[in-house]
Amino acid sequence: MTTTASAPVTRWPLPTIPRSADEVWAANYPDFVAMVNQTNVMPGAHATLNTWALHSRLGRQHHLLDVACTTGFTSRELARLTDCAATGFDLSADSVALARYNHQLLDPSLRLAYHQADGTTFTSEHTFTHIAVGAALGFFPDPPAMARRLLNLLAPDGYVLASPFWAPEPLPDHAAAVRRDVFGITSPMETRDQALALFAGLDVLHQADHTLTPEPADAIDHYCRSTVDRVLDQSGGTEPAVRSAMTERLRQIKHATNTLRAHQHYTVLVLRYDARTYPNRYVELF
Ligand SMILES: C[S@@+](CC[C@H](N)C(=O)[O-])C[C@H]1O[C@@H](n2cnc3c(N)ncnc32)[C@H](O)[C@@H]1O
């Protein structure tokens with residue numbers, strides 16, 4: 001007799017697949033991200049991950065926490081780059097299911113674990129050497145409170161890896177509406193000073209400001225087509241109306257991103273938590 005207990009789980013992980021355009025449009029934003037298995041990333045994607053990994057000396061002996069992990073890009077790719085262990089959590093059960101699925105597809109030997117959890121109450125039996133928060137603080141109702149909570153999960157001398165968006169001027173009404181209605185972000189858009197103040201008291205080991213260039217329509221179309229082709233292949237979806245709705249909704253999201261990015265910048269940060277000095281600051285910037 002043979003056993004199949006440890007067969008990798010590469011079946012499509014969601015219990016239902018959309019059968020109509022209405023179902024595609026009805027999903028909330030995080031569940032739509034999962035529905036199309038979008039490779040949802042923090043600002044700067046692979047370039048930011050590399051910078052974080054190098055400046056925080058991330059390696060096999062470390063355990064990273066991926067905050068609001070969506071479909072798992074940050075933890076999966078950092079584990080692939082550095083062989084670290086990682087734990088991710090997200091409020092969206094569908095996103096967590098996709099993070100597990102993508103882990104199995106890429107490399108089941110990577111040491112990754114994903115949990116459905118609310119960041120405002122998430123706890124762990126152990127601390128983490130690295131916490132990757134990307135631009136996710138903006139998704140929490142009270143970003144300063146969430147930033148403080150994260151430090152309770154961090155080991156002494158641990159690192160916070162962040163890449164917050166900020167805007168030098170208040171967003172015009174149409175861009176603020178896109179941020180609220182398309183992405184569900186209700187906290188105010190931070191200025192650079194406000195975004196960096198969330199991490200006050202941590203040692204700044206690396207900091208680099210980046211401007212954003214809107215993506216051309218052709219590049220967006222290529223991305224949307226690739227993503228929808230892949231998810232229909234993975235999930236076995238065949239309805240033409242579903243394909244069109246997924247492509248159109250993803251395209252609208254990417255164009256909404258372009259609208260926002262015309263007004264935003266982001267800063268890549270590698271910050272060290274020195275429990276002996278925090279929350280004081282003794283080091284000048286220049
Ligand atoms: C755009 S993604 C974050 C992107 C990325 N992880 C980053 O580094 O910027 C936003 C995610 O936050 C999650 N989220 C929103 N509120 C949350 C909460 N209270 N607890 C955990 N996750 C939450 C959503 O489900 C969504 O998947």
# chains A, B, ... in the order shown; residues from 1 in each chain; ligands from 1
$ residues_near_ligand --ligand "ligand 1" --cutoff "8 Å" --atoms "only C-alpha atoms and all ligand atoms" --output "PDB file with N, CA and C atoms, in the first residue's frame"
ATOM      1  N   TYR A  29     -11.603  44.291  -3.394  1.00  0.00           N
ATOM      2  CA  TYR A  29     -10.285  44.398  -4.046  1.00  0.00           C
ATOM      3  C   TYR A  29      -9.325  43.264  -3.666  1.00  0.00           C
ATOM      4  N   PRO A  30      -9.119  42.975  -2.356  1.00  0.00           N
ATOM      5  CA  PRO A  30      -8.158  41.885  -2.040  1.00  0.00           C
ATOM      6  C   PRO A  30      -8.611  40.532  -2.590  1.00  0.00           C
ATOM      7  N   ASP A  31      -9.914  40.283  -2.592  1.00  0.00           N
ATOM      8  CA  ASP A  31     -10.385  38.992  -3.112  1.00  0.00           C
ATOM      9  C   ASP A  31     -10.264  38.935  -4.643  1.00  0.00           C
ATOM     10  N   VAL A  33      -7.792  40.378  -6.257  1.00  0.00           N
ATOM     11  CA  VAL A  33      -6.349  40.097  -6.415  1.00  0.00           C
ATOM     12  C   VAL A  33      -6.114  38.585  -6.355  1.00  0.00           C
ATOM     13  N   ASN A  40       0.835  40.590  -6.683  1.00  0.00           N
ATOM     14  CA  ASN A  40       0.669  41.905  -6.074  1.00  0.00           C
ATOM     15  C   ASN A  40       1.945  42.251  -5.305  1.00  0.00           C
ATOM     16  N   VAL A  41       2.532  43.403  -5.569  1.00  0.00           N
ATOM     17  CA  VAL A  41       3.870  43.693  -5.029  1.00  0.00           C
ATOM     18  C   VAL A  41       3.901  45.007  -4.255  1.00  0.00           C
ATOM     19  N   MET A  42       4.939  45.161  -3.455  1.00  0.00           N
ATOM     20  CA  MET A  42       5.207  46.449  -2.821  1.00  0.00           C
ATOM     21  C   MET A  42       5.878  47.359  -3.852  1.00  0.00           C
ATOM     22  N   PRO A  43       5.918  48.697  -3.574  1.00  0.00           N
ATOM     23  CA  PRO A  43       6.582  49.582  -4.537  1.00  0.00           C
ATOM     24  C   PRO A  43       8.009  49.115  -4.841  1.00  0.00           C
ATOM     25  N   ASP A  66       5.967  38.567   6.796  1.00  0.00           N
ATOM     26  CA  ASP A  66       5.434  39.294   5.634  1.00  0.00           C
ATOM     27  C   ASP A  66       4.041  39.806   6.007  1.00  0.00           C
ATOM     28  N   VAL A  67       3.961  41.119   6.284  1.00  0.00           N
ATOM     29  CA  VAL A  67       2.721  41.729   6.775  1.00  0.00           C
ATOM     30  C   VAL A  67       1.792  42.036   5.604  1.00  0.00           C
ATOM     31  N   ALA A  68       0.538  41.604   5.699  1.00  0.00           N
ATOM     32  CA  ALA A  68      -0.445  41.802   4.615  1.00  0.00           C
ATOM     33  C   ALA A  68       0.138  41.236   3.315  1.00  0.00           C
ATOM     34  N   CYS A  69       0.347  39.933   3.345  1.00  0.00           N
ATOM     35  CA  CYS A  69       1.188  39.255   2.334  1.00  0.00           C
ATOM     36  C   CYS A  69       0.509  39.086   0.980  1.00  0.00           C
ATOM     37  N   THR A  70      -0.751  39.371   0.856  1.00  0.00           N
ATOM     38  CA  THR A  70      -1.543  39.108  -0.357  1.00  0.00           C
ATOM     39  C   THR A  70      -1.180  37.732  -0.912  1.00  0.00           C
ATOM     40  N   THR A  71      -0.778  37.648  -2.181  1.00  0.00           N
ATOM     41  CA  THR A  71      -0.547  36.321  -2.769  1.00  0.00           C
ATOM     42  C   THR A  71       0.892  35.817  -2.564  1.00  0.00           C
ATOM     43  N   GLY A  72       1.648  36.485  -1.684  1.00  0.00           N
ATOM     44  CA  GLY A  72       2.890  35.907  -1.188  1.00  0.00           C
ATOM     45  C   GLY A  72       4.184  36.346  -1.860  1.00  0.00           C
ATOM     46  N   PHE A  73       4.114  37.369  -2.721  1.00  0.00           N
ATOM     47  CA  PHE A  73       5.312  37.746  -3.488  1.00  0.00           C
ATOM     48  C   PHE A  73       6.521  38.040  -2.587  1.00  0.00           C
ATOM     49  N   THR A  74       6.330  38.894  -1.580  1.00  0.00           N
ATOM     50  CA  THR A  74       7.469  39.346  -0.770  1.00  0.00           C
ATOM     51  C   THR A  74       8.177  38.176  -0.095  1.00  0.00           C
ATOM     52  N   PHE A  89       0.958  36.787   6.724  1.00  0.00           N
ATOM     53  CA  PHE A  89      -0.466  36.774   7.079  1.00  0.00           C
ATOM     54  C   PHE A  89      -1.193  37.843   6.280  1.00  0.00           C
ATOM     55  N   ASP A  90      -2.474  37.611   6.090  1.00  0.00           N
ATOM     56  CA  ASP A  90      -3.327  38.581   5.406  1.00  0.00           C
ATOM     57  C   ASP A  90      -4.754  38.377   5.890  1.00  0.00           C
ATOM     58  N   LEU A  91      -5.513  39.471   5.845  1.00  0.00           N
ATOM     59  CA  LEU A  91      -6.920  39.403   6.238  1.00  0.00           C
ATOM     60  C   LEU A  91      -7.729  38.573   5.250  1.00  0.00           C
ATOM     61  N   SER A  92      -7.337  38.591   4.002  1.00  0.00           N
ATOM     62  CA  SER A  92      -8.101  37.897   2.959  1.00  0.00           C
ATOM     63  C   SER A  92      -7.734  36.409   2.935  1.00  0.00           C
ATOM     64  N   SER A  95      -6.520  35.350  -0.474  1.00  0.00           N
ATOM     65  CA  SER A  95      -5.121  35.700  -0.768  1.00  0.00           C
ATOM     66  C   SER A  95      -4.165  34.720  -0.107  1.00  0.00           C
ATOM     67  N   GLN A 116      -4.287  33.168   7.726  1.00  0.00           N
ATOM     68  CA  GLN A 116      -5.310  34.209   7.622  1.00  0.00           C
ATOM     69  C   GLN A 116      -5.376  34.883   8.987  1.00  0.00           C
ATOM     70  N   ALA A 117      -5.160  36.188   9.033  1.00  0.00           N
ATOM     71  CA  ALA A 117      -5.167  36.894  10.325  1.00  0.00           C
ATOM     72  C   ALA A 117      -5.354  38.382  10.092  1.00  0.00           C
ATOM     73  N   ASP A 118      -5.913  39.029  11.123  1.00  0.00           N
ATOM     74  CA  ASP A 118      -6.045  40.488  11.108  1.00  0.00           C
ATOM     75  C   ASP A 118      -4.800  41.053  11.781  1.00  0.00           C
ATOM     76  N   GLY A 119      -4.119  41.941  11.090  1.00  0.00           N
ATOM     77  CA  GLY A 119      -2.867  42.500  11.626  1.00  0.00           C
ATOM     78  C   GLY A 119      -3.067  43.253  12.921  1.00  0.00           C
ATOM     79  N   THR A 120      -4.271  43.747  13.173  1.00  0.00           N
ATOM     80  CA  THR A 120      -4.465  44.529  14.395  1.00  0.00           C
ATOM     81  C   THR A 120      -4.545  43.625  15.629  1.00  0.00           C
ATOM     82  N   PHE A 122      -2.971  40.190  15.271  1.00  0.00           N
ATOM     83  CA  PHE A 122      -2.045  39.078  15.007  1.00  0.00           C
ATOM     84  C   PHE A 122      -1.008  38.967  16.132  1.00  0.00           C
ATOM     85  N   ALA A 132       8.763  42.576   6.995  1.00  0.00           N
ATOM     86  CA  ALA A 132       8.568  43.303   5.731  1.00  0.00           C
ATOM     87  C   ALA A 132       7.157  43.857   5.727  1.00  0.00           C
ATOM     88  N   VAL A 133       7.077  45.188   5.691  1.00  0.00           N
ATOM     89  CA  VAL A 133       5.747  45.804   5.730  1.00  0.00           C
ATOM     90  C   VAL A 133       5.459  46.548   4.431  1.00  0.00           C
ATOM     91  N   GLY A 134       6.470  46.735   3.595  1.00  0.00           N
ATOM     92  CA  GLY A 134       6.250  47.381   2.292  1.00  0.00           C
ATOM     93  C   GLY A 134       5.518  48.692   2.455  1.00  0.00           C
ATOM     94  N   ALA A 135       4.428  48.824   1.704  1.00  0.00           N
ATOM     95  CA  ALA A 135       3.591  50.024   1.813  1.00  0.00           C
ATOM     96  C   ALA A 135       2.286  49.684   2.514  1.00  0.00           C
ATOM     97  N   ALA A 136       2.281  48.585   3.254  1.00  0.00           N
ATOM     98  CA  ALA A 136       1.015  48.055   3.763  1.00  0.00           C
ATOM     99  C   ALA A 136       0.461  48.827   4.954  1.00  0.00           C
ATOM    100  N   LEU A 137       1.281  49.635   5.647  1.00  0.00           N
ATOM    101  CA  LEU A 137       0.730  50.345   6.807  1.00  0.00           C
ATOM    102  C   LEU A 137      -0.479  51.182   6.403  1.00  0.00           C
ATOM    103  N   PHE A 139      -2.812  50.464   4.578  1.00  0.00           N
ATOM    104  CA  PHE A 139      -4.047  49.686   4.471  1.00  0.00           C
ATOM    105  C   PHE A 139      -4.710  49.476   5.829  1.00  0.00           C
ATOM    106  N   PHE A 140      -4.013  49.836   6.904  1.00  0.00           N
ATOM    107  CA  PHE A 140      -4.589  49.656   8.235  1.00  0.00           C
ATOM    108  C   PHE A 140      -5.276  50.956   8.662  1.00  0.00           C
ATOM    109  N   PRO A 141      -6.357  50.834   9.442  1.00  0.00           N
ATOM    110  CA  PRO A 141      -7.116  52.043   9.790  1.00  0.00           C
ATOM    111  C   PRO A 141      -6.291  53.042  10.590  1.00  0.00           C
ATOM    112  N   ALA A 162      10.649  48.448   4.745  1.00  0.00           N
ATOM    113  CA  ALA A 162       9.457  49.220   4.369  1.00  0.00           C
ATOM    114  C   ALA A 162       9.679  49.934   3.041  1.00  0.00           C
ATOM    115  N   SER A 163       8.587  50.304   2.404  1.00  0.00           N
ATOM    116  CA  SER A 163       8.685  51.090   1.152  1.00  0.00           C
ATOM    117  C   SER A 163       7.412  51.926   1.012  1.00  0.00           C
ATOM    118  N   PRO A 164       7.189  52.857   1.962  1.00  0.00           N
ATOM    119  CA  PRO A 164       5.923  53.594   1.972  1.00  0.00           C
ATOM    120  C   PRO A 164       5.792  54.574   0.811  1.00  0.00           C
ATOM    121  N   PHE A 183      -8.797  51.003  -4.191  1.00  0.00           N
ATOM    122  CA  PHE A 183      -7.876  50.240  -3.335  1.00  0.00           C
ATOM    123  C   PHE A 183      -8.358  50.114  -1.889  1.00  0.00           C
TER     124      PHE A 183
END
$ closest_residue --among "A:Thr10, A:Gln38, A:Thr127, A:Gln207" --to "A:Thr247" --atoms "only C-alpha atoms"
A:Gln38
$ closest_residue --among "A:Arg148, A:Arg100, A:His115, A:Arg60" --to "A:Thr82" --atoms "only C-alpha atoms"
A:Arg60
$ select_by_dssp --residues "stretch 60-223 of chain A" --states "alpha helix (DSSP H)" --output "ChimeraX atom specification"
/A:73-82,93-106,143-152,173-181,192-197,217-223
$ closest_residue --among "A:Thr227, A:Thr87, A:Ser124, A:Thr267" --to "A:Asp209" --atoms "only C-alpha atoms"
A:Thr267
$ select_by_dssp --residues "stretch 24-108 of chain A" --states "strand (DSSP E or B)" --output "list in words"
His63, Leu64, Leu65, Asp66, Val67, Ala85, Ala86, Thr87, Gly88, Phe89 and Asp90 of chain A
$ closest_residue --among "A:Leu49, A:Met246, A:Leu58, A:Leu171" --to "A:Glu190" --atoms "only C-alpha atoms"
A:Leu171
$ residues_around --residues "A:Ile185" --least-positions-apart "5" --cutoff "7 Å" --atoms "only C-alpha atoms" --output "PyMOL selection string"
chain A and resi 138-139+179-180
$ write_last_selection --atoms "N, CA and C atoms" --output "PDB file, in the first residue's frame"
ATOM      1  N   GLY A 138      -0.438  51.721   5.181  1.00  0.00           N
ATOM      2  CA  GLY A 138      -1.545  52.549   4.685  1.00  0.00           C
ATOM      3  C   GLY A 138      -2.853  51.797   4.581  1.00  0.00           C
ATOM      4  N   PHE A 139      -2.812  50.464   4.578  1.00  0.00           N
ATOM      5  CA  PHE A 139      -4.047  49.686   4.471  1.00  0.00           C
ATOM      6  C   PHE A 139      -4.710  49.476   5.829  1.00  0.00           C
ATOM      7  N   ARG A 179      -7.894  56.189  -4.766  1.00  0.00           N
ATOM      8  CA  ARG A 179      -7.213  55.510  -3.647  1.00  0.00           C
ATOM      9  C   ARG A 179      -8.248  54.885  -2.703  1.00  0.00           C
ATOM     10  N   ARG A 180      -9.321  55.612  -2.457  1.00  0.00           N
ATOM     11  CA  ARG A 180     -10.352  55.116  -1.531  1.00  0.00           C
ATOM     12  C   ARG A 180     -11.225  54.041  -2.202  1.00  0.00           C
TER      13      ARG A 180
END
$ closest_residue --among "A:Ala167, A:Leu260, A:Val36, A:Leu212" --to "A:Asp94" --atoms "only C-alpha atoms"
A:Val36
$ residues_around --residues "A:Trp12" --least-positions-apart "2" --cutoff "8 Å" --atoms "only C-alpha atoms" --output "list of chain:residue names"
A:Thr10, A:Leu14, A:Tyr101, A:Gln234, A:Ser235
$ write_last_selection --atoms "N, CA and C atoms" --output "PDB file, in the first residue's frame"
ATOM      1  N   THR A  10      -1.119  21.480  -5.442  1.00  0.00           N
ATOM      2  CA  THR A  10      -1.039  22.419  -6.566  1.00  0.00           C
ATOM      3  C   THR A  10      -2.376  22.526  -7.294  1.00  0.00           C
ATOM      4  N   LEU A  14      -9.050  27.891  -4.605  1.00  0.00           N
ATOM      5  CA  LEU A  14     -10.294  28.553  -4.195  1.00  0.00           C
ATOM      6  C   LEU A  14     -11.490  27.629  -4.439  1.00  0.00           C
ATOM      7  N   TYR A 101      -0.588  28.301  -2.468  1.00  0.00           N
ATOM      8  CA  TYR A 101      -0.577  27.671  -3.791  1.00  0.00           C
ATOM      9  C   TYR A 101       0.694  28.096  -4.563  1.00  0.00           C
ATOM     10  N   GLN A 234      -4.597  28.139 -14.745  1.00  0.00           N
ATOM     11  CA  GLN A 234      -4.442  27.513 -13.422  1.00  0.00           C
ATOM     12  C   GLN A 234      -5.779  27.034 -12.857  1.00  0.00           C
ATOM     13  N   SER A 235      -6.831  27.830 -13.061  1.00  0.00           N
ATOM     14  CA  SER A 235      -8.110  27.512 -12.406  1.00  0.00           C
ATOM     15  C   SER A 235      -9.033  26.693 -13.296  1.00  0.00           C
TER      16      SER A 235
END
$ residues_around --residues "A:Arg281" --least-positions-apart "5" --cutoff "8 Å" --atoms "only C-alpha atoms" --output "mmCIF file with N, CA and C atoms, in the first residue's frame"
data_model
loop_
_atom_site.group_PDB
_atom_site.id
_atom_site.type_symbol
_atom_site.label_atom_id
_atom_site.label_comp_id
_atom_site.auth_asym_id
_atom_site.auth_seq_id
_atom_site.Cartn_x
_atom_site.Cartn_y
_atom_site.Cartn_z
ATOM 1 N N ALA A 200 10.026 56.461 13.356
ATOM 2 C CA ALA A 200 10.946 57.259 14.183
ATOM 3 C C ALA A 200 11.485 56.406 15.329
ATOM 4 N N GLY A 201 12.767 56.574 15.633
ATOM 5 C CA GLY A 201 13.385 55.829 16.727
ATOM 6 C C GLY A 201 14.107 54.583 16.257
ATOM 7 N N LEU A 202 13.876 54.173 15.010
ATOM 8 C CA LEU A 202 14.613 53.030 14.450
ATOM 9 C C LEU A 202 15.863 53.570 13.761
ATOM 10 N N ASP A 203 16.920 52.774 13.740
ATOM 11 C CA ASP A 203 18.156 53.197 13.067
ATOM 12 C C ASP A 203 17.974 53.073 11.553
#
$ atom_distance --atom1 "atom CA of A:Asp218" --atom2 "atom CA of A:Ala45"
19.6 Å
$ atom_distance --atom1 "atom CA of A:Val160" --atom2 "atom CA of A:Glu125"
18.8 Å
$ atom_distance --atom1 "atom CA of A:Ser20" --atom2 "atom CA of A:Arg243"
9.3 Å
$ closest_residue --among "A:Ala275, A:Asn37, A:Asp83, A:Thr121" --to "A:Asp229" --atoms "only C-alpha atoms"
A:Asn37
$ residues_around --residues "A:Glu23" --least-positions-apart "4" --cutoff "10 Å" --atoms "only C-alpha atoms" --output "PyMOL selection string"
chain A and resi 17-19+27+32+242+245-246
$ write_last_selection --atoms "C-alpha atoms" --output "compact mmCIF listing (two decimals), in the first residue's frame"
# COMPACT_ATOMS: atom_id res chain seq x y z
CA ILE A 17 -14.30 30.03 -9.72
CA PRO A 18 -16.34 32.89 -11.19
CA ARG A 19 -18.93 31.85 -13.80
CA ALA A 27 -15.45 40.73 -5.38
CA PHE A 32 -10.16 40.09 -6.75
CA VAL A 242 -15.20 36.00 -17.26
CA ALA A 245 -14.36 41.02 -17.07
CA MET A 246 -11.12 39.96 -15.34
